[in-house]
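J.: Next up is a structure, given as structure tokens.
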Amino acid sequence: MITSIYPVLMSTDVVATTAFFRDAFALETVFESDWYVSLRSGAFELAVLDATHETIPAAYRTAATGLLVNIEVDDVDAEYDRLTRRGDATVAQDLRSETFGQRHVILVAPGGVLVDVIQPIPAQA
């Protein structure tokens with residue numbers, strides 16, 4: 001039986017990646033070492049791992065690429081204002097509404113991982 005599933009972002013800068021997610025989205029640190037940090041918000045978890053750590057097979061010791069982390073929020077406009085006003089977030093795709101039922105902004109986390117901050121909205125016909 002599965003007891004948990006959560007993403008682990010392999011990063012070349014654990015400190016910066018952790019700080020981005022912890023500060024931007026008020027995630028709580030539940031475990032921290034110099035090579036691995038586990039973050040949580042309620043039932044949701046995200047971890048950051050040093051991509052060069054010995055526990056990773058040598059052929060795969062690279063930072064995460066081609067990854068999009070979705071974070072759903074109640075008010076994406078407020079989050080957009082807060083995150084861009086602080087200057088902590090690089091915007092890859094500006095705030096917009098999609099016909100398939102979401103309003104979102106895509107940010108760039110340290111290391112190039114994309115973060116899609118989403119508010120579900122009614123889909124258009």
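Following the order of the structure tokens, first chain is A, next is B, and so on, with residues numbered from 1 inside each chain and ligands from 1 in the order they appear.
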Counting only C-alpha atoms, what is within 9 Å of A:Pro120, bar same-chain residues fewer than 2 positions away, as an MDAnalysis selection string?
T.: chainID A and resid 72:74 101:104 118 122:123
J.: Name the residues in contact with A:Pro7 at a cut-off of 9 Å, using only C-alpha atoms, excluding same-chain residues fewer than 5 positions from it; report them as a VMD selection string.
T.: chain A and resid 45 to 48 69
J.: Just want the 8 Å neighbourhood of A:Val105, counted on only C-alpha atoms, with same-chain residues fewer than 4 positions away dropped. Output as a list in words.
T.: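 Listed by chain and then number, they are Val76, Tyr80, Val91, Ala92, Gln93, Asp94, Leu95, Arg96, Asp116, Val117 and Ile118 of chain A.
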J.: If you run DSSP on the backbone, which residues of chain A are strand (DSSP E), as a ChimeraX atom specification?
T.: /A:8-11,28-32,36-41,44-50,68-72,90-98,102-108,114-120
J.: Could you save the residues just selected, with N, CA and C atoms, as a short mmCIF file (atom, residue, chain, number, x, y, z; two decimals), in the first residue's frame?
T.:
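Final output, saved to again26.cif:
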```cif
data_model
loop_
_atom_site.label_atom_id
_atom_site.label_comp_id
_atom_site.auth_asym_id
_atom_site.auth_seq_id
_atom_site.Cartn_x
_atom_site.Cartn_y
_atom_site.Cartn_z
N VAL A 8 10.74 15.12 -5.69
CA VAL A 8 12.03 15.52 -5.14
C VAL A 8 12.78 16.21 -6.28
N LEU A 9 13.04 17.49 -6.12
CA LEU A 9 13.74 18.26 -7.15
C LEU A 9 15.23 18.11 -6.94
N MET A 10 15.91 17.56 -7.93
CA MET A 10 17.37 17.47 -7.87
C MET A 10 17.92 18.83 -8.30
N SER A 11 18.71 19.44 -7.43
CA SER A 11 19.16 20.81 -7.63
C SER A 11 20.66 20.94 -7.44
N GLU A 28 6.63 24.69 5.09
CA GLU A 28 7.29 24.43 6.35
C GLU A 28 8.41 23.40 6.14
N THR A 29 9.56 23.66 6.73
CA THR A 29 10.66 22.70 6.67
C THR A 29 10.39 21.62 7.71
N VAL A 30 10.34 20.36 7.24
CA VAL A 30 10.13 19.24 8.17
C VAL A 30 11.39 18.42 8.36
N PHE A 31 12.35 18.54 7.47
CA PHE A 31 13.66 17.92 7.62
C PHE A 31 14.65 18.74 6.80
N GLU A 32 15.84 18.95 7.36
CA GLU A 32 16.84 19.73 6.63
C GLU A 32 18.24 19.23 6.93
N TYR A 36 19.73 17.62 1.55
CA TYR A 36 18.33 17.23 1.36
C TYR A 36 17.44 18.05 2.28
N VAL A 37 16.36 18.60 1.72
CA VAL A 37 15.40 19.35 2.52
C VAL A 37 14.00 18.87 2.14
N SER A 38 13.20 18.60 3.15
CA SER A 38 11.81 18.21 2.95
C SER A 38 10.90 19.35 3.40
N LEU A 39 10.01 19.76 2.52
CA LEU A 39 9.09 20.87 2.78
C LEU A 39 7.66 20.34 2.77
N ARG A 40 6.77 21.03 3.51
CA ARG A 40 5.38 20.57 3.59
C ARG A 40 4.43 21.75 3.77
N SER A 41 3.25 21.57 3.20
CA SER A 41 2.12 22.45 3.46
C SER A 41 0.91 21.55 3.59
N PHE A 44 0.62 18.22 1.57
CA PHE A 44 1.43 18.31 0.36
C PHE A 44 2.91 18.44 0.72
N GLU A 45 3.76 17.68 0.00
CA GLU A 45 5.19 17.69 0.26
C GLU A 45 5.98 17.94 -1.01
N LEU A 46 7.14 18.53 -0.82
CA LEU A 46 8.10 18.77 -1.89
C LEU A 46 9.48 18.66 -1.24
N ALA A 47 10.39 17.98 -1.89
CA ALA A 47 11.74 17.88 -1.34
C ALA A 47 12.75 18.41 -2.36
N VAL A 48 13.89 18.82 -1.85
CA VAL A 48 15.00 19.32 -2.67
C VAL A 48 16.23 18.50 -2.30
N LEU A 49 16.90 17.98 -3.32
CA LEU A 49 18.05 17.10 -3.13
C LEU A 49 19.23 17.62 -3.94
N ASP A 50 20.41 17.59 -3.34
CA ASP A 50 21.63 17.94 -4.06
C ASP A 50 21.82 16.94 -5.19
N LEU A 68 7.67 20.79 -14.51
CA LEU A 68 6.71 21.83 -14.16
C LEU A 68 6.03 21.43 -12.86
N VAL A 69 6.18 22.25 -11.82
CA VAL A 69 5.53 22.02 -10.54
C VAL A 69 4.27 22.87 -10.50
N ASN A 70 3.12 22.22 -10.35
CA ASN A 70 1.84 22.94 -10.25
C ASN A 70 1.52 23.22 -8.79
N ILE A 71 1.15 24.46 -8.50
CA ILE A 71 0.70 24.84 -7.17
C ILE A 71 -0.63 25.54 -7.35
N GLU A 72 -1.71 24.92 -6.85
CA GLU A 72 -3.04 25.52 -6.95
C GLU A 72 -3.29 26.40 -5.74
N THR A 90 10.98 35.14 -11.11
CA THR A 90 11.12 35.46 -12.52
C THR A 90 9.90 34.88 -13.23
N VAL A 91 9.23 35.70 -14.01
CA VAL A 91 8.02 35.27 -14.71
C VAL A 91 8.41 34.73 -16.08
N ALA A 92 8.02 33.47 -16.34
CA ALA A 92 8.25 32.86 -17.65
C ALA A 92 7.06 33.07 -18.56
N GLN A 93 5.88 33.05 -17.97
CA GLN A 93 4.64 33.31 -18.72
C GLN A 93 3.74 34.15 -17.83
N ASP A 94 3.36 35.30 -18.32
CA ASP A 94 2.57 36.23 -17.53
C ASP A 94 1.19 35.67 -17.19
N LEU A 95 0.58 36.26 -16.21
CA LEU A 95 -0.75 35.89 -15.74
C LEU A 95 -1.75 35.92 -16.88
N ARG A 96 -2.51 34.82 -17.01
CA ARG A 96 -3.54 34.77 -18.05
C ARG A 96 -4.57 33.71 -17.71
N SER A 97 -5.73 33.85 -18.35
CA SER A 97 -6.81 32.88 -18.20
C SER A 97 -6.86 31.99 -19.44
N GLU A 98 -7.04 30.68 -19.20
CA GLU A 98 -7.10 29.70 -20.28
C GLU A 98 -8.55 29.25 -20.46
N GLN A 102 -8.44 27.42 -16.31
CA GLN A 102 -7.49 27.84 -15.28
C GLN A 102 -6.96 29.23 -15.57
N ARG A 103 -6.70 29.97 -14.51
CA ARG A 103 -6.00 31.25 -14.58
C ARG A 103 -4.66 30.98 -13.91
N HIS A 104 -3.57 31.38 -14.56
CA HIS A 104 -2.27 31.00 -14.02
C HIS A 104 -1.16 31.91 -14.48
N VAL A 105 -0.04 31.77 -13.76
CA VAL A 105 1.22 32.42 -14.10
C VAL A 105 2.30 31.35 -13.95
N ILE A 106 3.27 31.36 -14.83
CA ILE A 106 4.37 30.40 -14.73
C ILE A 106 5.64 31.15 -14.33
N LEU A 107 6.22 30.71 -13.23
CA LEU A 107 7.43 31.30 -12.67
C LEU A 107 8.62 30.38 -12.90
N VAL A 108 9.81 30.93 -12.75
CA VAL A 108 11.03 30.13 -12.86
C VAL A 108 11.68 30.06 -11.49
N LEU A 114 10.18 25.09 -13.69
CA LEU A 114 9.02 25.97 -13.84
C LEU A 114 7.99 25.68 -12.75
N VAL A 115 7.35 26.75 -12.26
CA VAL A 115 6.33 26.64 -11.24
C VAL A 115 5.07 27.31 -11.79
N ASP A 116 4.04 26.50 -12.00
CA ASP A 116 2.77 26.99 -12.54
C ASP A 116 1.82 27.23 -11.37
N VAL A 117 1.57 28.51 -11.08
CA VAL A 117 0.68 28.88 -9.98
C VAL A 117 -0.70 29.05 -10.59
N ILE A 118 -1.64 28.22 -10.14
CA ILE A 118 -2.92 28.04 -10.83
C ILE A 118 -4.12 28.30 -9.92
N GLN A 119 -5.09 28.96 -10.49
CA GLN A 119 -6.42 29.07 -9.85
C GLN A 119 -7.42 28.47 -10.83
N PRO A 120 -8.11 27.41 -10.43
CA PRO A 120 -9.15 26.86 -11.32
C PRO A 120 -10.26 27.90 -11.52
#
```
J.: Can you work out the spacing between atom CA of A:Val14 and atom CA of A:Arg86 in Å, to one decimal?
T.: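 Separating atom CA of A:Val14 from atom CA of A:Arg86 is a distance of 21.0 Å.
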J.: What is the atom CA of A:Ala109 to atom CA of A:Asp77 distance in Å?
T.: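 So the two atoms, atom CA of A:Ala109 and atom CA of A:Asp77, lie 18.7 Å apart.
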J.: Would you please work out which residue, of A:Ala78, A:Pro57, A:Thr84, A:Ala125, is nearest to A:Phe100 when using only C-alpha atoms?
T.: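 Of A:Ala78, A:Pro57, A:Thr84, A:Ala125, the one nearest A:Phe100 is A:Ala125, counting only C-alpha atoms.
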J.: For atom CA of A:Gly112 and atom CA of A:Val15, determine how far apart the two atoms are, in Å to one decimal place.
T.: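 Going from atom CA of A:Gly112 over to atom CA of A:Val15 covers 14.5 Å.
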J.: Stretch 6-64 of chain A: which residues are alpha helix (DSSP H) by DSSP, as a PDB file with N, CA and C atoms, in the first residue's frame?
T.:
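Saved the output as result.pdb:
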```pdb
ATOM      1  N   VAL A  14      20.801  23.654  -3.436  1.00  0.00           N
ATOM      2  CA  VAL A  14      19.748  23.255  -2.498  1.00  0.00           C
ATOM      3  C   VAL A  14      19.265  24.452  -1.686  1.00  0.00           C
ATOM      4  N   VAL A  15      20.180  25.291  -1.244  1.00  0.00           N
ATOM      5  CA  VAL A  15      19.820  26.440  -0.403  1.00  0.00           C
ATOM      6  C   VAL A  15      18.895  27.393  -1.156  1.00  0.00           C
ATOM      7  N   ALA A  16      19.252  27.781  -2.375  1.00  0.00           N
ATOM      8  CA  ALA A  16      18.440  28.730  -3.148  1.00  0.00           C
ATOM      9  C   ALA A  16      17.094  28.130  -3.539  1.00  0.00           C
ATOM     10  N   THR A  17      17.098  26.873  -3.967  1.00  0.00           N
ATOM     11  CA  THR A  17      15.841  26.235  -4.368  1.00  0.00           C
ATOM     12  C   THR A  17      14.906  26.093  -3.178  1.00  0.00           C
ATOM     13  N   THR A  18      15.450  25.673  -2.045  1.00  0.00           N
ATOM     14  CA  THR A  18      14.646  25.547  -0.828  1.00  0.00           C
ATOM     15  C   THR A  18      14.090  26.899  -0.406  1.00  0.00           C
ATOM     16  N   ALA A  19      14.929  27.911  -0.400  1.00  0.00           N
ATOM     17  CA  ALA A  19      14.492  29.256   0.009  1.00  0.00           C
ATOM     18  C   ALA A  19      13.374  29.761  -0.889  1.00  0.00           C
ATOM     19  N   PHE A  20      13.488  29.512  -2.192  1.00  0.00           N
ATOM     20  CA  PHE A  20      12.445  29.966  -3.115  1.00  0.00           C
ATOM     21  C   PHE A  20      11.093  29.366  -2.742  1.00  0.00           C
ATOM     22  N   PHE A  21      11.022  28.052  -2.626  1.00  0.00           N
ATOM     23  CA  PHE A  21       9.739  27.407  -2.339  1.00  0.00           C
ATOM     24  C   PHE A  21       9.258  27.703  -0.921  1.00  0.00           C
ATOM     25  N   ARG A  22      10.167  27.723   0.033  1.00  0.00           N
ATOM     26  CA  ARG A  22       9.783  27.987   1.418  1.00  0.00           C
ATOM     27  C   ARG A  22       9.254  29.416   1.556  1.00  0.00           C
ATOM     28  N   ASP A  23       9.949  30.371   0.977  1.00  0.00           N
ATOM     29  CA  ASP A  23       9.569  31.773   1.130  1.00  0.00           C
ATOM     30  C   ASP A  23       8.391  32.162   0.246  1.00  0.00           C
ATOM     31  N   ALA A  24       8.399  31.728  -0.999  1.00  0.00           N
ATOM     32  CA  ALA A  24       7.347  32.128  -1.931  1.00  0.00           C
ATOM     33  C   ALA A  24       6.001  31.497  -1.602  1.00  0.00           C
ATOM     34  N   PHE A  25       6.020  30.266  -1.069  1.00  0.00           N
ATOM     35  CA  PHE A  25       4.763  29.553  -0.863  1.00  0.00           C
ATOM     36  C   PHE A  25       4.539  29.126   0.582  1.00  0.00           C
TER      37      PHE A  25
END
```
J.: Any idea what's packed within 8 Å of A:Ala51, counting only C-alpha atoms, ignoring anything in its chain fewer than 4 positions away? Could you give it as JSON, numbers by chain?
T.: {"A": [10, 11, 12, 56, 61, 62, 63]}
J.: Export C-alpha atoms of the chosen residues as a tab-separated table (two decimals), in the first residue's frame?
T.:
```
chain	number	residue	atom	x	y	z
A	10	MET	CA	17.37	17.47	-7.87
A	11	SER	CA	19.16	20.81	-7.63
A	12	THR	CA	22.67	22.20	-7.94
A	56	ILE	CA	22.06	9.22	-6.76
A	61	ARG	CA	23.57	13.31	-11.08
A	62	THR	CA	22.07	16.29	-12.90
A	63	ALA	CA	19.66	19.02	-11.91
```
